[in-house]
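Source file: data-v4.csv. Holds: CSV, C-alpha atoms.
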chain,number,residue,atom,x,y,z
A,1,GLY,CA,-1.5,20.3,-7.0
A,2,ASP,CA,-1.5,19.1,-10.6
A,3,GLU,CA,-5.2,18.7,-11.4
A,4,ALA,CA,-4.6,17.3,-14.9
A,5,LEU,CA,-2.4,14.5,-13.5
A,6,ALA,CA,-5.0,13.8,-10.8
A,7,ARG,CA,-7.7,13.4,-13.4
A,8,SER,CA,-5.4,11.0,-15.3
A,9,VAL,CA,-5.2,8.9,-12.1
A,10,LEU,CA,-9.0,8.9,-11.9
A,11,THR,CA,-9.3,7.6,-15.4
A,12,ARG,CA,-6.7,4.9,-15.1
A,13,GLU,CA,-8.3,3.6,-11.9
A,14,ASP,CA,-11.0,2.1,-14.1
A,15,GLU,CA,-8.3,0.1,-15.9
A,16,VAL,CA,-7.1,-1.3,-12.6
A,17,ASN,CA,-10.6,-2.4,-11.7
A,18,ALA,CA,-11.0,-4.1,-15.1
A,19,TYR,CA,-7.7,-6.0,-14.6
A,20,ASP,CA,-8.9,-7.1,-11.1
A,21,VAL,CA,-12.1,-8.5,-12.5
A,22,ARG,CA,-10.4,-10.2,-15.4
A,23,ILE,CA,-7.7,-11.8,-13.3
A,24,ASP,CA,-10.3,-13.0,-10.8
A,25,GLU,CA,-12.3,-14.6,-13.6
A,26,ASP,CA,-9.2,-16.2,-15.1
A,27,SER,CA,-8.2,-17.6,-11.6
A,28,VAL,CA,-11.6,-19.2,-11.1
A,29,THR,CA,-11.5,-20.7,-14.7
A,30,LEU,CA,-8.0,-22.1,-14.1
A,31,ILE,CA,-9.0,-23.7,-10.8
A,32,ALA,CA,-12.2,-25.2,-12.4
A,33,ARG,CA,-10.5,-26.6,-15.5
A,34,ARG,CA,-7.1,-27.7,-14.2
A,35,GLN,CA,-8.0,-28.5,-10.6
A,36,PRO,CA,-4.4,-27.6,-9.4
A,37,MET,CA,-3.1,-28.9,-6.1
A,38,GLY,CA,-0.3,-28.0,-3.7
A,39,SER,CA,2.1,-25.3,-4.8
A,40,ASP,CA,0.2,-24.6,-8.1
A,41,LEU,CA,-3.0,-23.9,-6.1
A,42,ARG,CA,-1.1,-21.7,-3.6
A,43,ALA,CA,0.4,-19.7,-6.6
A,44,ILE,CA,-3.1,-19.0,-8.0
A,45,ILE,CA,-4.5,-18.1,-4.6
A,46,SER,CA,-1.5,-15.9,-3.8
A,47,ILE,CA,-1.7,-14.1,-7.1
A,48,ALA,CA,-5.5,-13.5,-6.7
A,49,ARG,CA,-4.9,-12.0,-3.2
A,50,ALA,CA,-2.0,-9.8,-4.4
A,51,VAL,CA,-4.2,-8.5,-7.3
A,52,SER,CA,-6.9,-7.7,-4.8
A,53,ASP,CA,-4.4,-5.6,-2.7
A,54,LEU,CA,-3.1,-3.9,-5.9
A,55,GLU,CA,-6.7,-3.0,-6.8
A,56,ARG,CA,-7.1,-1.4,-3.3
A,57,ILE,CA,-3.9,0.5,-3.8
A,58,GLY,CA,-5.6,1.9,-7.0
A,59,ASP,CA,-8.5,2.9,-4.8
A,60,GLU,CA,-6.1,4.8,-2.4
A,61,ALA,CA,-4.5,6.5,-5.4
A,62,LYS,CA,-8.1,7.6,-6.5
A,63,LYS,CA,-8.7,9.1,-3.0
A,64,ILE,CA,-5.5,11.1,-3.3
A,65,ALA,CA,-6.5,12.3,-6.8
A,66,HIS,CA,-9.9,13.4,-5.5
A,67,ALA,CA,-8.2,15.4,-2.8
A,68,VAL,CA,-6.1,17.2,-5.4
A,69,VAL,CA,-9.2,17.9,-7.6
A,70,ARG,CA,-11.1,19.2,-4.6
A,71,GLY,CA,-8.2,21.6,-3.9
A,72,ASP,CA,-8.9,23.1,-7.3
A,73,GLY,CA,-5.4,24.6,-7.5
A,74,LYS,CA,-6.2,27.4,-5.1
A,75,ARG,CA,-3.3,28.7,-3.0
A,76,SER,CA,-5.4,28.5,0.2
A,77,ASN,CA,-6.0,24.8,-0.4
A,78,ARG,CA,-2.4,23.9,-0.9
A,79,PRO,CA,-0.6,22.1,1.9
A,80,SER,CA,2.1,23.9,3.9
A,81,PRO,CA,5.7,23.3,2.8
A,82,GLN,CA,6.2,21.0,5.9
A,83,LEU,CA,3.1,19.0,5.0
A,84,ALA,CA,4.1,18.7,1.4
A,85,ARG,CA,7.6,17.4,2.5
A,86,ASP,CA,5.9,14.9,4.8
A,87,ALA,CA,3.6,13.7,2.0
A,88,ARG,CA,6.5,13.3,-0.5
A,89,HIS,CA,8.6,11.4,2.1
A,90,ILE,CA,5.8,9.0,3.1
A,91,ALA,CA,4.9,8.6,-0.6
A,92,ARG,CA,8.5,7.6,-1.5
A,93,PHE,CA,8.5,5.2,1.5
A,94,ALA,CA,5.2,3.6,0.4
A,95,GLN,CA,6.3,3.3,-3.2
A,96,GLU,CA,9.6,1.6,-2.2
A,97,MET,CA,7.7,-0.8,-0.1
A,98,LEU,CA,5.3,-1.7,-2.9
A,99,ARG,CA,8.2,-2.1,-5.4
A,100,ASP,CA,10.1,-4.3,-3.0
A,101,ALA,CA,7.0,-6.4,-2.1
A,102,LEU,CA,6.3,-7.1,-5.8
A,103,ASP,CA,10.0,-7.9,-6.3
A,104,ALA,CA,9.9,-10.4,-3.4
A,105,PHE,CA,6.8,-11.9,-4.8
A,106,ASP,CA,8.3,-12.2,-8.3
A,107,ARG,CA,11.5,-13.8,-6.9
A,108,MET,CA,9.6,-15.8,-4.3
A,109,ASP,CA,12.0,-14.5,-1.6
A,110,PRO,CA,10.5,-14.8,1.9
A,111,ALA,CA,13.4,-12.9,3.5
A,112,ALA,CA,12.7,-9.9,1.3
A,113,GLY,CA,9.0,-10.2,2.1
A,114,VAL,CA,9.7,-10.1,5.8
A,115,ASP,CA,11.8,-7.0,5.3
A,116,VAL,CA,8.8,-5.2,3.7
A,117,VAL,CA,6.7,-6.3,6.7
A,118,ARG,CA,9.3,-4.8,9.1
A,119,ARG,CA,9.4,-1.5,7.2
A,120,ASP,CA,5.6,-1.1,7.5
A,121,GLN,CA,6.3,-0.3,11.2
A,122,GLU,CA,8.6,2.5,10.2
A,123,LEU,CA,6.0,3.9,7.8
A,124,ASN,CA,3.4,3.9,10.5
A,125,THR,CA,5.8,5.8,12.8
A,126,GLU,CA,6.4,8.4,10.0
A,127,PHE,CA,2.6,8.7,9.4
A,128,GLN,CA,1.9,9.3,13.1
A,129,ALA,CA,4.6,12.0,13.3
A,130,ALA,CA,3.1,13.7,10.2
A,131,LEU,CA,-0.3,13.7,11.8
A,132,ARG,CA,1.0,15.3,14.9
A,133,ARG,CA,2.6,18.1,12.9
A,134,LEU,CA,-0.6,18.5,11.0
A,135,LEU,CA,-2.6,18.9,14.2
A,136,THR,CA,-0.2,21.5,15.4
A,137,GLN,CA,-0.8,23.5,12.2
A,138,VAL,CA,-4.6,23.3,12.6
A,139,MET,CA,-4.3,24.6,16.1
A,140,GLU,CA,-2.2,27.5,15.0
A,141,ASP,CA,-4.6,28.4,12.1
A,142,PRO,CA,-8.1,26.8,12.3
A,143,ARG,CA,-9.0,28.5,9.0
A,144,ARG,CA,-6.9,26.0,7.1
A,145,LEU,CA,-9.0,23.1,8.5
A,146,PRO,CA,-10.7,22.1,5.1
A,147,ALA,CA,-7.3,21.9,3.4
A,148,MET,CA,-5.9,19.9,6.4
A,149,LEU,CA,-8.8,17.4,6.2
A,150,ASP,CA,-7.8,16.6,2.6
A,151,ALA,CA,-4.2,16.4,3.8
A,152,VAL,CA,-5.2,13.8,6.3
A,153,THR,CA,-6.9,11.8,3.5
A,154,VAL,CA,-3.8,11.9,1.5
A,155,LEU,CA,-1.5,10.8,4.3
A,156,LYS,CA,-3.9,8.0,5.4
A,157,SER,CA,-4.1,6.7,1.8
A,158,LEU,CA,-0.3,6.6,1.6
A,159,GLU,CA,-0.2,4.7,4.9
A,160,ARG,CA,-2.8,2.3,3.6
A,161,ILE,CA,-0.6,1.7,0.4
A,162,GLY,CA,2.1,0.6,2.8
A,163,ASP,CA,-0.4,-1.8,4.5
A,164,HIS,CA,-1.4,-3.3,1.2
A,165,SER,CA,2.3,-3.7,0.3
A,166,LYS,CA,2.8,-5.5,3.6
A,167,ASN,CA,0.0,-7.9,2.7
A,168,ILE,CA,1.6,-8.7,-0.7
A,169,ALA,CA,4.9,-9.4,1.1
A,170,ARG,CA,3.1,-11.8,3.5
A,171,TYR,CA,1.7,-13.7,0.6
A,172,VAL,CA,5.2,-14.6,-0.4
A,173,LEU,CA,5.5,-16.8,2.7
A,174,TYR,CA,2.2,-18.5,1.8
A,175,LEU,CA,3.4,-19.0,-1.8
A,176,VAL,CA,6.8,-20.4,-0.8
A,177,GLU,CA,6.3,-22.1,2.5
A,178,GLY,CA,2.5,-22.8,2.6
A,179,ARG,CA,2.1,-20.7,5.7
A,180,ASP,CA,-0.8,-18.3,6.0
A,181,VAL,CA,0.6,-15.5,8.0
A,182,ARG,CA,-2.0,-12.8,7.3
A,183,HIS,CA,-3.0,-12.7,11.0
A,184,GLU,CA,0.3,-13.6,12.6
A,185,ASP,CA,2.0,-11.0,14.8
A,186,THR,CA,4.3,-8.8,12.9
A,187,ALA,CA,7.0,-8.9,15.6
A,188,VAL,CA,7.0,-12.7,15.5
A,189,LEU,CA,7.5,-12.7,11.7
A,190,ILE,CA,10.3,-10.2,11.9
A,191,ALA,CA,12.1,-12.2,14.6
A,192,GLU,CA,11.7,-15.3,12.5
A,193,GLY,CA,13.1,-13.5,9.5
A,194,ALA,CA,16.1,-12.3,11.5
A,195,ARG,CA,16.8,-15.9,12.6
A,196,ARG,CA,16.4,-17.1,9.0
A,197,SER,CA,19.0,-14.6,7.7
A,198,ALA,CA,21.5,-14.9,10.6
A,199,PRO,CA,24.8,-16.6,9.6
A,200,ARG,CA,25.1,-20.1,10.8
Structure translated into structure tokens:
Amino acid sequence: GDEALARSVLTREDEVNAYDVRIDEDSVTLIARRQPMGSDLRAIISIARAVSDLERIGDEAKKIAHAVVRGDGKRSNRPSPQLARDARHIARFAQEMLRDALDAFDRMDPAAGVDVVRRDQELNTEFQAALRRLLTQVMEDPRRLPAMLDAVTVLKSLERIGDHSKNIARYVLYLVEGRDVRHEDTAVLIAEGARRSAPR
């Protein structure tokens, strides 16, 4: 419920947008001037796609900050202790996925990327469980519905951050192996990753 911190996020989101535009322009300039091919072109495309997902993560952070500002610090607008625990748990999970996806991208490690893809399924399960608990609370006390709607926004934004982290992890496979797996079945990717890491 820290409104000052939320407003800081809203201000910094503009910086993220500016980085997105600048990196996109630099990518286009680099392609036009150098005409890269093969792995160099894949690197530029992968970075541009990852930056786009990072910008969208900034958008999700902005939605969370707006929910806090709307709450206005009033006690009646604060989430229940259970909901606050759910949000913190899912936030930690999403943050870890993002950190690990960026690390996999930096190290060009497809196995680590596939692990992030696998963990997105766990995050989705946690998100669904939190939504069920939230619905139960609304049924018990309908007067808390406005605060609960903001809570749904926060939880959904955290789940979307996990989705964007998964996307970044998928770009690692494109960068390293030249495979565009954005639309491939997650279960297939995970099975391939397990085969790849199995001892021979």
note = For Val188 in chain A, the closest of A:Ala147, A:Ala129, A:Val154, A:Val114 counting all atoms listed in the file is A:Val114
inquiry  = I'd like the neighbourhood of Asp109 in chain A as JSON, numbers by chain, where a residue qualifies if any of its atoms comes within 10 Å (using all atoms listed in the file), though same-chain residues fewer than 4 positions away should be ignored.
reply    = {"A": [101, 103, 104, 105, 113, 114, 169, 172, 173, 175, 176]}
key: Gap from CA of Glu140 in chain A to CA of Pro81 in chain A - Å, one decimal   =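 Separating CA of Glu140 in chain A from CA of Pro81 in chain A is a distance of 15.1 Å.
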key: Residue among A:Ile190, A:Met148, A:Ala112, A:Ala94 lying closest to Ala61 in chain A, counting only C-alpha atoms   =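 Of A:Ile190, A:Met148, A:Ala112, A:Ala94, the one nearest Ala61 in chain A, counting only C-alpha atoms, is A:Ala94.
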task = Name the closest residue to Gln121 in chain A among the candidates A:Asp53, A:Glu159, A:Glu192, A:Asp24; distances are taken between atoms, counting only C-alpha atoms.
result =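 Ranked by minimum distance to Gln121 in chain A, first place goes to A:Glu159.
Ranking A:Met37, A:Ala87, A:Leu131, A:Ile64 by their shortest atom-to-atom distance to Asp2 in chain A, with all atoms listed in the file included, puts A:Ile64 first.
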task = Using all atoms listed in the file, determine which residues lie at most 7 Å from Ala6 in chain A, disregarding the query and same-chain residues fewer than 6 positions distant; provide the list as number ranges by chain.
result = A: 65, 68-69
key: Neighbour list for Asp180 in chain A as number ranges by chain, cut-off 12 Å, only C-alpha atoms, skip fewer than 3 positions in-chain   = A: 42, 45-46, 49, 167-177, 183-185, 189
ask   = Which of these, A:Ser165, A:Thr136, A:Thr153, A:Thr186, has the shortest distance to Ser52 in chain A once you count only C-alpha atoms?
value = A:Ser165
task = Compare A:Ala191, A:Asp141, A:Arg99, A:Met108 by their minimum atom-to-atom distance to Lys166 in chain A, counting all atoms listed in the file, and give me the closest one.
result =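 So, comparing all the options, the nearest one is A:Arg99.
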